[in-house]
Amino acid sequence: MYRIGIDLGGTNIAAGLVNEEYKIVAKLSTPTITERGAEAIVDDIASLCKKICVENGIDISEIAAIGIASPGAIDSANGVVKYANNLPFSYLPITKMVSEKTGVVDVRVENDANAAAWGEAVAGAAKGATHSVMITLGTGVGGGVIIDGKIYSGFNGIAGELGHIVIEHDGKHCSCGRRGCWESYSSATGLINMTKEKLEECAREGRATVMTELVEKKGKVSGVTAFEAMRMGDAAGREVVDTYISYLACGLTNMVNIFQPEVISIGGGVSNEGQSLVEAVLPTIRKEQYGGNLPPLTDIRIAKLKNDAGIIGAALLSV
């Protein structure tokens with residue numbers, strides 16, 4: 001039996017056909033085009049499910065389950081997207097609609113960050129752990145929490161907004177309305193902003209930095225600019241990275257102290273720094289976590305499923 005995972009975003013709808021070994025064997029996608037409304041988007045989800053079966057010689061009856069990873073506030077028990085900021089959904093009974101349009105009985109929906117965390121828990125970096133947390137370092141800081149082998153979403157379905165813990169009181173303004181959120185400092189966006197600030201500081205002080213050359217070469221400041229400069233021996237790049245790592249480690253230590261998970265997996269674009277990122281944050285975490293180094297200790301890992309975490313996690317919601 002196969003499963004289908006849907007990663008529903010404001011820009012694209014991606015579908016993945018997942019086999020019994022929890023591997024994606026085929027993918028399809030289509031633009032979301034949100035202005036068309038909810039019904040058209042759901043039609044496209046159903047069409048992708050049917051198309052991916054046809055293209056792989058599978059009858060829709062061979063699909064054990066369809067899972068949808070959606071942004072927003074989700075009532076997973078009733079299969080409803082209550083609200084999604086970038087989608088025209090308001091208390092949309094999405095699982096019922098997809099089930100009716102595809103004939104697949106088992107259709108589930110979960111918040112996209114929670115689905116990604118579930119994917120890592122079942123088939124990725126946290127496989128085998130019953131308590132885990134996933135952090136994604138992308139445009140924002142996303143999060144998902146697994147407790148006793150189940151997704152924790154709170155009483156209202158919107159728990160796990162880990163990027164919106166405050167780590168700098170009265171700090172930088174966050175899009176959520178608060179100030180000093182972890183997201184403002186440890187997202188790829190936050191890293192880019194820190195890099196730009198350092199470049200401006202260097203320009204004012206007449207201080208040379210390799211980052212200037214890297215930006216001119218690539219045409220923009222990115223999340224890797226400071227890291228690349230640091231690896232080239234650039235002092236300003238090192239300063240940006242050190243500051244970024246201090247904020248990232250602070251937030252991760254909070255995750256350890258709140259949840260005491262077996263595993264924290266780090267995903268998103270910044271996680272492409274790999275094991276060196278883990279090695280950079282670990283000393284601070286071990287120094288500042290509650291209880292010191294009293295074993296057993298939370299293992300910090302780089303997420304394995306990368307951009308496929310949402311699709312795989314969605315497909316496995318019924319596992």
# chains A, B, ... in the order shown; residues from 1 in each chain; ligands from 1
$ select_by_dssp --residues "stretch 63-290 of chain A" --states "strand (DSSP E)" --output "PDB file with all heavy atoms, in the first residue's frame"
ATOM      1  N   ILE A  63      -4.216   3.411  -2.332  1.00  0.00           N
ATOM      2  CA  ILE A  63      -3.746   4.463  -1.424  1.00  0.00           C
ATOM      3  C   ILE A  63      -4.368   4.253  -0.046  1.00  0.00           C
ATOM      4  O   ILE A  63      -5.589   4.347   0.126  1.00  0.00           O
ATOM      5  CB  ILE A  63      -4.114   5.865  -1.970  1.00  0.00           C
ATOM      6  CG1 ILE A  63      -3.477   6.088  -3.349  1.00  0.00           C
ATOM      7  CG2 ILE A  63      -3.682   6.941  -0.983  1.00  0.00           C
ATOM      8  CD1 ILE A  63      -1.962   5.971  -3.371  1.00  0.00           C
ATOM      9  N   ALA A  64      -3.531   3.938   0.932  1.00  0.00           N
ATOM     10  CA  ALA A  64      -4.004   3.671   2.282  1.00  0.00           C
ATOM     11  C   ALA A  64      -4.482   4.935   2.975  1.00  0.00           C
ATOM     12  O   ALA A  64      -5.424   4.907   3.789  1.00  0.00           O
ATOM     13  CB  ALA A  64      -2.898   3.014   3.102  1.00  0.00           C
ATOM     14  N   ALA A  65      -3.835   6.061   2.687  1.00  0.00           N
ATOM     15  CA  ALA A  65      -4.191   7.303   3.356  1.00  0.00           C
ATOM     16  C   ALA A  65      -3.628   8.493   2.593  1.00  0.00           C
ATOM     17  O   ALA A  65      -2.635   8.379   1.876  1.00  0.00           O
ATOM     18  CB  ALA A  65      -3.661   7.307   4.788  1.00  0.00           C
ATOM     19  N   ILE A  66      -4.299   9.620   2.754  1.00  0.00           N
ATOM     20  CA  ILE A  66      -3.805  10.900   2.255  1.00  0.00           C
ATOM     21  C   ILE A  66      -3.635  11.820   3.456  1.00  0.00           C
ATOM     22  O   ILE A  66      -4.532  11.916   4.306  1.00  0.00           O
ATOM     23  CB  ILE A  66      -4.799  11.544   1.258  1.00  0.00           C
ATOM     24  CG1 ILE A  66      -4.957  10.683   0.001  1.00  0.00           C
ATOM     25  CG2 ILE A  66      -4.338  12.963   0.877  1.00  0.00           C
ATOM     26  CD1 ILE A  66      -6.072  11.151  -0.925  1.00  0.00           C
ATOM     27  N   GLY A  67      -2.498  12.461   3.540  1.00  0.00           N
ATOM     28  CA  GLY A  67      -2.248  13.413   4.612  1.00  0.00           C
ATOM     29  C   GLY A  67      -1.926  14.773   4.036  1.00  0.00           C
ATOM     30  O   GLY A  67      -1.250  14.879   3.020  1.00  0.00           O
ATOM     31  N   ILE A  68      -2.427  15.813   4.682  1.00  0.00           N
ATOM     32  CA  ILE A  68      -2.226  17.179   4.200  1.00  0.00           C
ATOM     33  C   ILE A  68      -1.506  17.990   5.268  1.00  0.00           C
ATOM     34  O   ILE A  68      -1.953  18.062   6.422  1.00  0.00           O
ATOM     35  CB  ILE A  68      -3.577  17.849   3.876  1.00  0.00           C
ATOM     36  CG1 ILE A  68      -4.358  17.013   2.853  1.00  0.00           C
ATOM     37  CG2 ILE A  68      -3.369  19.278   3.359  1.00  0.00           C
ATOM     38  CD1 ILE A  68      -5.835  17.334   2.808  1.00  0.00           C
ATOM     39  N   ALA A  69      -0.387  18.570   4.896  1.00  0.00           N
ATOM     40  CA  ALA A  69       0.350  19.481   5.774  1.00  0.00           C
ATOM     41  C   ALA A  69      -0.012  20.902   5.350  1.00  0.00           C
ATOM     42  O   ALA A  69       0.332  21.334   4.261  1.00  0.00           O
ATOM     43  CB  ALA A  69       1.850  19.243   5.644  1.00  0.00           C
ATOM     44  N   SER A  70      -0.730  21.589   6.207  1.00  0.00           N
ATOM     45  CA  SER A  70      -1.222  22.928   5.874  1.00  0.00           C
ATOM     46  C   SER A  70      -0.717  23.950   6.879  1.00  0.00           C
ATOM     47  O   SER A  70      -0.620  23.650   8.072  1.00  0.00           O
ATOM     48  CB  SER A  70      -2.756  22.943   5.884  1.00  0.00           C
ATOM     49  OG  SER A  70      -3.261  24.265   5.777  1.00  0.00           O
ATOM     50  N   ALA A  73      -3.955  27.376  11.740  1.00  0.00           N
ATOM     51  CA  ALA A  73      -4.544  26.749  12.922  1.00  0.00           C
ATOM     52  C   ALA A  73      -5.407  25.585  12.459  1.00  0.00           C
ATOM     53  O   ALA A  73      -6.361  25.771  11.702  1.00  0.00           O
ATOM     54  CB  ALA A  73      -5.388  27.767  13.695  1.00  0.00           C
ATOM     55  N   ILE A  74      -5.065  24.389  12.928  1.00  0.00           N
ATOM     56  CA  ILE A  74      -5.694  23.166  12.427  1.00  0.00           C
ATOM     57  C   ILE A  74      -6.447  22.438  13.539  1.00  0.00           C
ATOM     58  O   ILE A  74      -5.918  22.248  14.638  1.00  0.00           O
ATOM     59  CB  ILE A  74      -4.634  22.203  11.848  1.00  0.00           C
ATOM     60  CG1 ILE A  74      -3.684  22.925  10.882  1.00  0.00           C
ATOM     61  CG2 ILE A  74      -5.307  21.014  11.191  1.00  0.00           C
ATOM     62  CD1 ILE A  74      -4.324  23.503   9.654  1.00  0.00           C
ATOM     63  N   ASP A  75      -7.675  22.030  13.245  1.00  0.00           N
ATOM     64  CA  ASP A  75      -8.412  21.120  14.106  1.00  0.00           C
ATOM     65  C   ASP A  75      -8.244  19.735  13.475  1.00  0.00           C
ATOM     66  O   ASP A  75      -9.059  19.309  12.655  1.00  0.00           O
ATOM     67  CB  ASP A  75      -9.886  21.529  14.162  1.00  0.00           C
ATOM     68  CG  ASP A  75     -10.737  20.580  15.007  1.00  0.00           C
ATOM     69  OD1 ASP A  75     -10.197  19.562  15.475  1.00  0.00           O
ATOM     70  OD2 ASP A  75     -11.944  20.856  15.171  1.00  0.00           O
ATOM     71  N   VAL A  80     -10.279  19.937  10.004  1.00  0.00           N
ATOM     72  CA  VAL A  80     -10.653  21.295   9.610  1.00  0.00           C
ATOM     73  C   VAL A  80      -9.457  22.248   9.690  1.00  0.00           C
ATOM     74  O   VAL A  80      -8.709  22.241  10.673  1.00  0.00           O
ATOM     75  CB  VAL A  80     -11.791  21.824  10.517  1.00  0.00           C
ATOM     76  CG1 VAL A  80     -12.080  23.299  10.248  1.00  0.00           C
ATOM     77  CG2 VAL A  80     -13.053  20.997  10.317  1.00  0.00           C
ATOM     78  N   VAL A  81      -9.277  23.063   8.646  1.00  0.00           N
ATOM     79  CA  VAL A  81      -8.334  24.178   8.711  1.00  0.00           C
ATOM     80  C   VAL A  81      -9.124  25.379   9.200  1.00  0.00           C
ATOM     81  O   VAL A  81      -9.967  25.923   8.474  1.00  0.00           O
ATOM     82  CB  VAL A  81      -7.689  24.477   7.342  1.00  0.00           C
ATOM     83  CG1 VAL A  81      -6.709  25.641   7.474  1.00  0.00           C
ATOM     84  CG2 VAL A  81      -6.986  23.243   6.796  1.00  0.00           C
ATOM     85  N   LYS A  82      -8.888  25.779  10.436  1.00  0.00           N
ATOM     86  CA  LYS A  82      -9.669  26.876  11.014  1.00  0.00           C
ATOM     87  C   LYS A  82      -9.261  28.220  10.431  1.00  0.00           C
ATOM     88  O   LYS A  82     -10.094  29.087  10.175  1.00  0.00           O
ATOM     89  CB  LYS A  82      -9.495  26.890  12.539  1.00  0.00           C
ATOM     90  CG  LYS A  82     -10.055  25.638  13.204  1.00  0.00           C
ATOM     91  CD  LYS A  82     -10.166  25.804  14.708  1.00  0.00           C
ATOM     92  CE  LYS A  82      -8.808  25.787  15.380  1.00  0.00           C
ATOM     93  NZ  LYS A  82      -8.931  25.787  16.863  1.00  0.00           N
ATOM     94  N   TYR A  83      -7.936  28.382  10.227  1.00  0.00           N
ATOM     95  CA  TYR A  83      -7.431  29.648   9.702  1.00  0.00           C
ATOM     96  C   TYR A  83      -6.036  29.427   9.152  1.00  0.00           C
ATOM     97  O   TYR A  83      -5.250  28.692   9.724  1.00  0.00           O
ATOM     98  CB  TYR A  83      -7.381  30.712  10.809  1.00  0.00           C
ATOM     99  CG  TYR A  83      -6.607  31.954  10.426  1.00  0.00           C
ATOM    100  CD1 TYR A  83      -7.190  32.943   9.634  1.00  0.00           C
ATOM    101  CD2 TYR A  83      -5.285  32.142  10.836  1.00  0.00           C
ATOM    102  CE1 TYR A  83      -6.490  34.073   9.258  1.00  0.00           C
ATOM    103  CE2 TYR A  83      -4.576  33.278  10.475  1.00  0.00           C
ATOM    104  CZ  TYR A  83      -5.177  34.243   9.680  1.00  0.00           C
ATOM    105  OH  TYR A  83      -4.470  35.357   9.305  1.00  0.00           O
ATOM    106  N   SER A  90     -11.323  29.320   5.937  1.00  0.00           N
ATOM    107  CA  SER A  90     -11.937  29.665   7.214  1.00  0.00           C
ATOM    108  C   SER A  90     -12.829  28.501   7.620  1.00  0.00           C
ATOM    109  O   SER A  90     -13.863  28.250   7.005  1.00  0.00           O
ATOM    110  CB  SER A  90     -12.754  30.950   7.102  1.00  0.00           C
ATOM    111  OG  SER A  90     -13.381  31.250   8.338  1.00  0.00           O
ATOM    112  N   TYR A  91     -12.380  27.741   8.611  1.00  0.00           N
ATOM    113  CA  TYR A  91     -13.091  26.548   9.075  1.00  0.00           C
ATOM    114  C   TYR A  91     -13.445  25.645   7.893  1.00  0.00           C
ATOM    115  O   TYR A  91     -14.577  25.207   7.733  1.00  0.00           O
ATOM    116  CB  TYR A  91     -14.323  26.938   9.888  1.00  0.00           C
ATOM    117  CG  TYR A  91     -13.945  27.467  11.262  1.00  0.00           C
ATOM    118  CD1 TYR A  91     -13.661  28.824  11.450  1.00  0.00           C
ATOM    119  CD2 TYR A  91     -13.819  26.604  12.341  1.00  0.00           C
ATOM    120  CE1 TYR A  91     -13.284  29.307  12.693  1.00  0.00           C
ATOM    121  CE2 TYR A  91     -13.449  27.082  13.592  1.00  0.00           C
ATOM    122  CZ  TYR A  91     -13.170  28.429  13.753  1.00  0.00           C
ATOM    123  OH  TYR A  91     -12.781  28.894  14.985  1.00  0.00           O
ATOM    124  N   LEU A  92     -12.429  25.361   7.084  1.00  0.00           N
ATOM    125  CA  LEU A  92     -12.607  24.536   5.891  1.00  0.00           C
ATOM    126  C   LEU A  92     -12.522  23.052   6.256  1.00  0.00           C
ATOM    127  O   LEU A  92     -11.486  22.606   6.757  1.00  0.00           O
ATOM    128  CB  LEU A  92     -11.539  24.883   4.856  1.00  0.00           C
ATOM    129  CG  LEU A  92     -11.646  24.148   3.515  1.00  0.00           C
ATOM    130  CD1 LEU A  92     -12.772  24.751   2.677  1.00  0.00           C
ATOM    131  CD2 LEU A  92     -10.322  24.220   2.763  1.00  0.00           C
ATOM    132  N   VAL A 107      -8.297  10.347   5.276  1.00  0.00           N
ATOM    133  CA  VAL A 107      -7.662  11.612   4.919  1.00  0.00           C
ATOM    134  C   VAL A 107      -7.477  12.430   6.191  1.00  0.00           C
ATOM    135  O   VAL A 107      -8.427  12.569   6.977  1.00  0.00           O
ATOM    136  CB  VAL A 107      -8.494  12.418   3.896  1.00  0.00           C
ATOM    137  CG1 VAL A 107      -7.780  13.724   3.539  1.00  0.00           C
ATOM    138  CG2 VAL A 107      -8.767  11.602   2.647  1.00  0.00           C
ATOM    139  N   ARG A 108      -6.271  12.931   6.402  1.00  0.00           N
ATOM    140  CA  ARG A 108      -5.967  13.681   7.624  1.00  0.00           C
ATOM    141  C   ARG A 108      -5.273  14.990   7.290  1.00  0.00           C
ATOM    142  O   ARG A 108      -4.686  15.139   6.219  1.00  0.00           O
ATOM    143  CB  ARG A 108      -5.096  12.844   8.555  1.00  0.00           C
ATOM    144  CG  ARG A 108      -5.698  11.462   8.792  1.00  0.00           C
ATOM    145  CD  ARG A 108      -5.056  10.712   9.903  1.00  0.00           C
ATOM    146  NE  ARG A 108      -5.617   9.367   9.995  1.00  0.00           N
ATOM    147  CZ  ARG A 108      -5.629   8.625  11.090  1.00  0.00           C
ATOM    148  NH1 ARG A 108      -5.103   9.101  12.199  1.00  0.00           N
ATOM    149  NH2 ARG A 108      -6.155   7.410  11.081  1.00  0.00           N
ATOM    150  N   VAL A 109      -5.342  15.927   8.229  1.00  0.00           N
ATOM    151  CA  VAL A 109      -4.683  17.216   8.045  1.00  0.00           C
ATOM    152  C   VAL A 109      -3.980  17.592   9.338  1.00  0.00           C
ATOM    153  O   VAL A 109      -4.435  17.274  10.435  1.00  0.00           O
ATOM    154  CB  VAL A 109      -5.704  18.310   7.630  1.00  0.00           C
ATOM    155  CG1 VAL A 109      -6.735  18.566   8.728  1.00  0.00           C
ATOM    156  CG2 VAL A 109      -4.986  19.605   7.243  1.00  0.00           C
ATOM    157  N   GLU A 110      -2.826  18.247   9.192  1.00  0.00           N
ATOM    158  CA  GLU A 110      -2.056  18.693  10.349  1.00  0.00           C
ATOM    159  C   GLU A 110      -1.322  19.964   9.970  1.00  0.00           C
ATOM    160  O   GLU A 110      -1.069  20.246   8.787  1.00  0.00           O
ATOM    161  CB  GLU A 110      -1.070  17.604  10.766  1.00  0.00           C
ATOM    162  CG  GLU A 110      -0.263  17.872  12.030  1.00  0.00           C
ATOM    163  CD  GLU A 110      -1.127  18.208  13.229  1.00  0.00           C
ATOM    164  OE1 GLU A 110      -1.669  17.300  13.864  1.00  0.00           O
ATOM    165  OE2 GLU A 110      -1.249  19.428  13.516  1.00  0.00           O
ATOM    166  N   ASN A 111      -1.013  20.767  10.952  1.00  0.00           N
ATOM    167  CA  ASN A 111      -0.179  21.950  10.726  1.00  0.00           C
ATOM    168  C   ASN A 111       1.124  21.539  10.059  1.00  0.00           C
ATOM    169  O   ASN A 111       1.700  20.487  10.385  1.00  0.00           O
ATOM    170  CB  ASN A 111       0.095  22.637  12.062  1.00  0.00           C
ATOM    171  CG  ASN A 111       1.127  23.737  11.964  1.00  0.00           C
ATOM    172  OD1 ASN A 111       2.309  23.486  12.162  1.00  0.00           O
ATOM    173  ND2 ASN A 111       0.695  24.932  11.633  1.00  0.00           N
ATOM    174  N   SER A 132      10.420  14.260  21.022  1.00  0.00           N
ATOM    175  CA  SER A 132      11.338  15.004  20.155  1.00  0.00           C
ATOM    176  C   SER A 132      10.770  16.365  19.798  1.00  0.00           C
ATOM    177  O   SER A 132       9.565  16.609  19.913  1.00  0.00           O
ATOM    178  CB  SER A 132      11.644  14.217  18.871  1.00  0.00           C
ATOM    179  OG  SER A 132      10.468  14.040  18.092  1.00  0.00           O
ATOM    180  N   VAL A 133      11.648  17.238  19.382  1.00  0.00           N
ATOM    181  CA  VAL A 133      11.288  18.583  18.927  1.00  0.00           C
ATOM    182  C   VAL A 133      12.016  18.831  17.622  1.00  0.00           C
ATOM    183  O   VAL A 133      13.183  18.465  17.475  1.00  0.00           O
ATOM    184  CB  VAL A 133      11.691  19.666  19.958  1.00  0.00           C
ATOM    185  CG1 VAL A 133      11.470  21.071  19.401  1.00  0.00           C
ATOM    186  CG2 VAL A 133      10.916  19.491  21.262  1.00  0.00           C
ATOM    187  N   MET A 134      11.321  19.412  16.657  1.00  0.00           N
ATOM    188  CA  MET A 134      11.978  19.830  15.421  1.00  0.00           C
ATOM    189  C   MET A 134      11.903  21.340  15.320  1.00  0.00           C
ATOM    190  O   MET A 134      10.860  21.940  15.565  1.00  0.00           O
ATOM    191  CB  MET A 134      11.323  19.204  14.197  1.00  0.00           C
ATOM    192  CG  MET A 134      12.036  19.604  12.896  1.00  0.00           C
ATOM    193  SD  MET A 134      11.195  19.032  11.424  1.00  0.00           S
ATOM    194  CE  MET A 134      12.319  19.643  10.156  1.00  0.00           C
ATOM    195  N   ILE A 135      13.018  21.943  14.944  1.00  0.00           N
ATOM    196  CA  ILE A 135      13.101  23.384  14.715  1.00  0.00           C
ATOM    197  C   ILE A 135      13.494  23.607  13.259  1.00  0.00           C
ATOM    198  O   ILE A 135      14.438  22.982  12.769  1.00  0.00           O
ATOM    199  CB  ILE A 135      14.176  24.027  15.626  1.00  0.00           C
ATOM    200  CG1 ILE A 135      13.819  23.817  17.106  1.00  0.00           C
ATOM    201  CG2 ILE A 135      14.337  25.506  15.312  1.00  0.00           C
ATOM    202  CD1 ILE A 135      12.561  24.505  17.551  1.00  0.00           C
ATOM    203  N   THR A 136      12.784  24.466  12.559  1.00  0.00           N
ATOM    204  CA  THR A 136      13.156  24.801  11.186  1.00  0.00           C
ATOM    205  C   THR A 136      13.611  26.253  11.117  1.00  0.00           C
ATOM    206  O   THR A 136      12.898  27.150  11.553  1.00  0.00           O
ATOM    207  CB  THR A 136      11.986  24.578  10.207  1.00  0.00           C
ATOM    208  OG1 THR A 136      10.846  25.322  10.652  1.00  0.00           O
ATOM    209  CG2 THR A 136      11.615  23.115  10.143  1.00  0.00           C
ATOM    210  N   LEU A 137      14.808  26.434  10.582  1.00  0.00           N
ATOM    211  CA  LEU A 137      15.416  27.759  10.483  1.00  0.00           C
ATOM    212  C   LEU A 137      15.328  28.227   9.034  1.00  0.00           C
ATOM    213  O   LEU A 137      16.235  28.012   8.238  1.00  0.00           O
ATOM    214  CB  LEU A 137      16.873  27.701  10.949  1.00  0.00           C
ATOM    215  CG  LEU A 137      17.109  27.069  12.336  1.00  0.00           C
ATOM    216  CD1 LEU A 137      18.596  26.949  12.613  1.00  0.00           C
ATOM    217  CD2 LEU A 137      16.411  27.885  13.420  1.00  0.00           C
ATOM    218  N   VAL A 141      11.170  30.916  12.209  1.00  0.00           N
ATOM    219  CA  VAL A 141      11.581  29.754  12.995  1.00  0.00           C
ATOM    220  C   VAL A 141      10.325  28.948  13.268  1.00  0.00           C
ATOM    221  O   VAL A 141       9.445  29.383  14.021  1.00  0.00           O
ATOM    222  CB  VAL A 141      12.268  30.147  14.314  1.00  0.00           C
ATOM    223  CG1 VAL A 141      12.490  28.911  15.196  1.00  0.00           C
ATOM    224  CG2 VAL A 141      13.602  30.826  14.043  1.00  0.00           C
ATOM    225  N   GLY A 142      10.216  27.796  12.609  1.00  0.00           N
ATOM    226  CA  GLY A 142       9.063  26.929  12.816  1.00  0.00           C
ATOM    227  C   GLY A 142       9.386  25.876  13.850  1.00  0.00           C
ATOM    228  O   GLY A 142      10.550  25.673  14.213  1.00  0.00           O
ATOM    229  N   GLY A 143       8.352  25.206  14.321  1.00  0.00           N
ATOM    230  CA  GLY A 143       8.598  24.182  15.317  1.00  0.00           C
ATOM    231  C   GLY A 143       7.500  23.157  15.382  1.00  0.00           C
ATOM    232  O   GLY A 143       6.362  23.411  14.968  1.00  0.00           O
ATOM    233  N   GLY A 144       7.839  22.000  15.872  1.00  0.00           N
ATOM    234  CA  GLY A 144       6.879  20.937  16.100  1.00  0.00           C
ATOM    235  C   GLY A 144       7.344  20.119  17.283  1.00  0.00           C
ATOM    236  O   GLY A 144       8.550  19.923  17.472  1.00  0.00           O
ATOM    237  N   VAL A 145       6.390  19.654  18.078  1.00  0.00           N
ATOM    238  CA  VAL A 145       6.706  18.940  19.317  1.00  0.00           C
ATOM    239  C   VAL A 145       6.021  17.574  19.322  1.00  0.00           C
ATOM    240  O   VAL A 145       4.816  17.472  19.063  1.00  0.00           O
ATOM    241  CB  VAL A 145       6.236  19.747  20.544  1.00  0.00           C
ATOM    242  CG1 VAL A 145       6.583  19.013  21.839  1.00  0.00           C
ATOM    243  CG2 VAL A 145       6.849  21.152  20.534  1.00  0.00           C
ATOM    244  N   ILE A 146       6.799  16.546  19.603  1.00  0.00           N
ATOM    245  CA  ILE A 146       6.275  15.184  19.721  1.00  0.00           C
ATOM    246  C   ILE A 146       6.451  14.744  21.170  1.00  0.00           C
ATOM    247  O   ILE A 146       7.573  14.720  21.692  1.00  0.00           O
ATOM    248  CB  ILE A 146       7.013  14.201  18.785  1.00  0.00           C
ATOM    249  CG1 ILE A 146       7.067  14.744  17.343  1.00  0.00           C
ATOM    250  CG2 ILE A 146       6.349  12.830  18.849  1.00  0.00           C
ATOM    251  CD1 ILE A 146       5.741  14.970  16.683  1.00  0.00           C
ATOM    252  N   ILE A 147       5.347  14.414  21.829  1.00  0.00           N
ATOM    253  CA  ILE A 147       5.372  13.970  23.221  1.00  0.00           C
ATOM    254  C   ILE A 147       4.704  12.601  23.313  1.00  0.00           C
ATOM    255  O   ILE A 147       3.581  12.415  22.831  1.00  0.00           O
ATOM    256  CB  ILE A 147       4.652  14.969  24.148  1.00  0.00           C
ATOM    257  CG1 ILE A 147       5.385  16.327  24.136  1.00  0.00           C
ATOM    258  CG2 ILE A 147       4.569  14.424  25.573  1.00  0.00           C
ATOM    259  CD1 ILE A 147       4.691  17.411  24.938  1.00  0.00           C
ATOM    260  N   LYS A 150       3.288  11.270  20.104  1.00  0.00           N
ATOM    261  CA  LYS A 150       2.149  11.939  19.489  1.00  0.00           C
ATOM    262  C   LYS A 150       2.463  13.417  19.274  1.00  0.00           C
ATOM    263  O   LYS A 150       3.211  14.027  20.049  1.00  0.00           O
ATOM    264  CB  LYS A 150       0.905  11.809  20.377  1.00  0.00           C
ATOM    265  CG  LYS A 150       0.436  10.383  20.582  1.00  0.00           C
ATOM    266  CD  LYS A 150      -0.762  10.338  21.524  1.00  0.00           C
ATOM    267  CE  LYS A 150      -1.208   8.909  21.771  1.00  0.00           C
ATOM    268  NZ  LYS A 150      -2.357   8.842  22.722  1.00  0.00           N
ATOM    269  N   ILE A 151       1.884  13.987  18.217  1.00  0.00           N
ATOM    270  CA  ILE A 151       2.037  15.421  17.965  1.00  0.00           C
ATOM    271  C   ILE A 151       1.333  16.189  19.076  1.00  0.00           C
ATOM    272  O   ILE A 151       0.168  15.919  19.401  1.00  0.00           O
ATOM    273  CB  ILE A 151       1.435  15.812  16.608  1.00  0.00           C
ATOM    274  CG1 ILE A 151       2.191  15.142  15.462  1.00  0.00           C
ATOM    275  CG2 ILE A 151       1.431  17.331  16.432  1.00  0.00           C
ATOM    276  CD1 ILE A 151       1.540  15.296  14.108  1.00  0.00           C
ATOM    277  N   VAL A 263      15.505  14.006  21.440  1.00  0.00           N
ATOM    278  CA  VAL A 263      16.158  14.551  20.257  1.00  0.00           C
ATOM    279  C   VAL A 263      15.562  15.904  19.899  1.00  0.00           C
ATOM    280  O   VAL A 263      14.345  16.089  19.950  1.00  0.00           O
ATOM    281  CB  VAL A 263      15.991  13.610  19.038  1.00  0.00           C
ATOM    282  CG1 VAL A 263      16.599  14.226  17.780  1.00  0.00           C
ATOM    283  CG2 VAL A 263      16.606  12.242  19.317  1.00  0.00           C
ATOM    284  N   ILE A 264      16.426  16.843  19.540  1.00  0.00           N
ATOM    285  CA  ILE A 264      16.011  18.058  18.848  1.00  0.00           C
ATOM    286  C   ILE A 264      16.644  17.995  17.470  1.00  0.00           C
ATOM    287  O   ILE A 264      17.868  17.878  17.347  1.00  0.00           O
ATOM    288  CB  ILE A 264      16.467  19.348  19.553  1.00  0.00           C
ATOM    289  CG1 ILE A 264      15.779  19.499  20.913  1.00  0.00           C
ATOM    290  CG2 ILE A 264      16.162  20.570  18.683  1.00  0.00           C
ATOM    291  CD1 ILE A 264      16.236  20.727  21.700  1.00  0.00           C
ATOM    292  N   SER A 265      15.825  18.031  16.438  1.00  0.00           N
ATOM    293  CA  SER A 265      16.356  18.046  15.071  1.00  0.00           C
ATOM    294  C   SER A 265      16.217  19.445  14.497  1.00  0.00           C
ATOM    295  O   SER A 265      15.218  20.118  14.709  1.00  0.00           O
ATOM    296  CB  SER A 265      15.642  17.022  14.186  1.00  0.00           C
ATOM    297  OG  SER A 265      14.248  17.237  14.171  1.00  0.00           O
ATOM    298  N   ILE A 266      17.239  19.875  13.785  1.00  0.00           N
ATOM    299  CA  ILE A 266      17.288  21.221  13.212  1.00  0.00           C
ATOM    300  C   ILE A 266      17.192  21.119  11.700  1.00  0.00           C
ATOM    301  O   ILE A 266      18.019  20.479  11.049  1.00  0.00           O
ATOM    302  CB  ILE A 266      18.592  21.939  13.597  1.00  0.00           C
ATOM    303  CG1 ILE A 266      18.759  21.978  15.128  1.00  0.00           C
ATOM    304  CG2 ILE A 266      18.606  23.356  13.031  1.00  0.00           C
ATOM    305  CD1 ILE A 266      20.100  22.527  15.579  1.00  0.00           C
ATOM    306  N   GLY A 267      16.165  21.736  11.136  1.00  0.00           N
ATOM    307  CA  GLY A 267      15.973  21.749   9.696  1.00  0.00           C
ATOM    308  C   GLY A 267      15.946  23.166   9.160  1.00  0.00           C
ATOM    309  O   GLY A 267      16.282  24.120   9.855  1.00  0.00           O
TER     310      GLY A 267
END
$ residues_around --residues "A:Ile300" --least-positions-apart "6" --cutoff "12 Å" --atoms "only C-alpha atoms" --output "PyMOL selection string"
chain A and resi 125-126+132-135+249+252-253+255-256+260-267+271+274-283+285-286
$ closest_residue --among "A:Thr34, A:Ser29, A:Ser318, A:Ser99" --to "A:Asn85" --atoms "only C-alpha atoms"
A:Thr34
$ closest_residue --among "A:Ser246, A:Asn78, A:Ser222, A:Thr130" --to "A:Pro93" --atoms "only C-alpha atoms"
A:Asn78
$ atom_distance --atom1 "atom CA of A:Ala208" --atom2 "atom CA of A:Glu183"
29.3 Å
$ residues_around --residues "stretch 118-121 of chain A" --least-positions-apart "3" --cutoff "7 Å" --atoms "only C-alpha atoms" --output "PyMOL selection string"
chain A and resi 114-115+124-127+129+132+151+303+305+309-310+312-313
$ closest_residue --among "A:Leu294, A:Ala314, A:Ile258, A:Ile302" --to "A:Val270" --atoms "only C-alpha atoms"
A:Ile302
$ atom_distance --atom1 "atom CA of A:Gly269" --atom2 "atom CA of A:Cys174"
19.8 Å
$ select_by_dssp --residues "stretch 138-264 of chain A" --states "helix (DSSP H, G or I)" --output "PyMOL selection string"
chain A and resi 162-164+182-186+188-205+210-218+225-231+235-259
$ residues_around --residues "A:His169" --least-positions-apart "6" --cutoff "10 Å" --atoms "only C-alpha atoms" --output "PyMOL selection string"
chain A and resi 178-181
